[in-house]
Amino acid sequence: MSPAGCPHVNSFKVDNWKQNLRLIYQCFVWSGSAETRKRKAKSCICHMCGAHLNRLHSCLYCVFFACFSKKHIHEHAKSKRHNLALVLPLMRLLP
C-alpha cells in the first residue's frame, strides 16, 4: 500500500461517497433517544435473507444492507463490483 492509502478507498473518494456515508449514519446509526435506537435497529436487516444480525454491513456504493455470516455482503460485492462496505454498529442501537 502506498503512503497515499488504499487504492480502493482513494478511487471511491472521487464519487459521491460522502452522501452515502452520511445517509447511512443519519438514517441507521445516529439516534437521539432510546426509542429512536430501537426503531433504527429494527430497520437494519439483510436485503437478501431478511436476517437481523450483529454483523450487518452496508455497501458504501449503493447503501445495500447484507449480512456477513451468510456471506451475502460478499455476494453483493462480487456481483456488483462494490468492494467497500461499512459494518453497522447495531449493538449501539439496541438498548
# chains A, B, ... in the order shown; residues from 1 in each chain; ligands from 1
>>> residues_around(residues="A:Cys49", least_positions_apart="4", cutoff="12 Å", atoms="only C-alpha atoms", output="mmCIF file with N, CA and C atoms, in the first residue's frame")
data_model
loop_
_atom_site.group_PDB
_atom_site.id
_atom_site.type_symbol
_atom_site.label_atom_id
_atom_site.label_comp_id
_atom_site.auth_asym_id
_atom_site.auth_seq_id
_atom_site.Cartn_x
_atom_site.Cartn_y
_atom_site.Cartn_z
ATOM 1 N N CYS A 44 -32.697 -2.284 10.280
ATOM 2 C CA CYS A 44 -31.426 -2.764 9.725
ATOM 3 C C CYS A 44 -31.492 -4.273 9.541
ATOM 4 N N ILE A 45 -31.854 -4.695 8.339
ATOM 5 C CA ILE A 45 -31.955 -6.124 8.039
ATOM 6 C C ILE A 45 -31.228 -6.421 6.733
ATOM 7 N N LEU A 53 -28.925 -9.400 12.046
ATOM 8 C CA LEU A 53 -27.762 -9.981 12.699
ATOM 9 C C LEU A 53 -26.814 -8.906 13.204
ATOM 10 N N LEU A 56 -24.045 -6.984 10.403
ATOM 11 C CA LEU A 56 -24.679 -6.462 9.203
ATOM 12 C C LEU A 56 -23.774 -5.392 8.601
ATOM 13 N N PHE A 65 -27.842 -3.275 2.315
ATOM 14 C CA PHE A 65 -27.568 -3.960 3.576
ATOM 15 C C PHE A 65 -27.495 -5.464 3.342
ATOM 16 N N ALA A 66 -26.465 -6.084 3.899
ATOM 17 C CA ALA A 66 -26.321 -7.530 3.757
ATOM 18 C C ALA A 66 -25.546 -8.092 4.947
ATOM 19 N N CYS A 67 -25.821 -9.350 5.274
ATOM 20 C CA CYS A 67 -25.166 -9.971 6.421
ATOM 21 C C CYS A 67 -23.815 -10.566 6.032
ATOM 22 N N PHE A 68 -22.948 -10.596 7.000
ATOM 23 C CA PHE A 68 -21.603 -11.139 6.816
ATOM 24 C C PHE A 68 -21.594 -12.644 7.053
ATOM 25 N N SER A 69 -22.330 -13.096 8.056
ATOM 26 C CA SER A 69 -22.255 -14.505 8.455
ATOM 27 C C SER A 69 -22.756 -15.456 7.368
ATOM 28 N N LYS A 70 -23.716 -15.018 6.564
ATOM 29 C CA LYS A 70 -24.204 -15.854 5.461
ATOM 30 C C LYS A 70 -23.551 -15.466 4.134
ATOM 31 N N LYS A 71 -22.575 -14.568 4.211
ATOM 32 C CA LYS A 71 -21.777 -14.126 3.062
ATOM 33 C C LYS A 71 -22.584 -13.369 2.005
ATOM 34 N N HIS A 72 -23.705 -12.787 2.387
ATOM 35 C CA HIS A 72 -24.493 -12.013 1.429
ATOM 36 C C HIS A 72 -23.790 -10.723 1.026
ATOM 37 N N ILE A 73 -23.031 -10.122 1.932
ATOM 38 C CA ILE A 73 -22.286 -8.920 1.551
ATOM 39 C C ILE A 73 -21.180 -9.295 0.560
#
>>> closest_residue(among="A:Lys42, A:Arg55, A:Arg81, A:His76", to="A:Phe28", atoms="only C-alpha atoms")
A:Lys42
>>> atom_distance(atom1="atom CA of A:Gln26", atom2="atom CA of A:Ala77")
23.2 Å
>>> closest_residue(among="A:His82, A:Lys18, A:Lys40, A:His74", to="A:His52", atoms="only C-alpha atoms")
A:Lys40
>>> select_by_dssp(residues="stretch 7-74 of chain A", states="alpha helix (DSSP H)", output="PyMOL selection string")
chain A and resi 7-12+17-24+34-43+72-74
>>> atom_distance(atom1="atom CA of A:Cys59", atom2="atom CA of A:Leu86")
6.4 Å
>>> atom_distance(atom1="atom CA of A:Trp17", atom2="atom CA of A:Asn83")
12.7 Å
>>> select_by_dssp(residues="stretch 16-87 of chain A", states="strand (DSSP E or B)", output="VMD selection string")
chain A and resid 56 to 59 65 to 67 85 to 87
>>> closest_residue(among="A:Gln19, A:Asn10, A:Arg37, A:Val29", to="A:Leu84", atoms="only C-alpha atoms")
A:Asn10
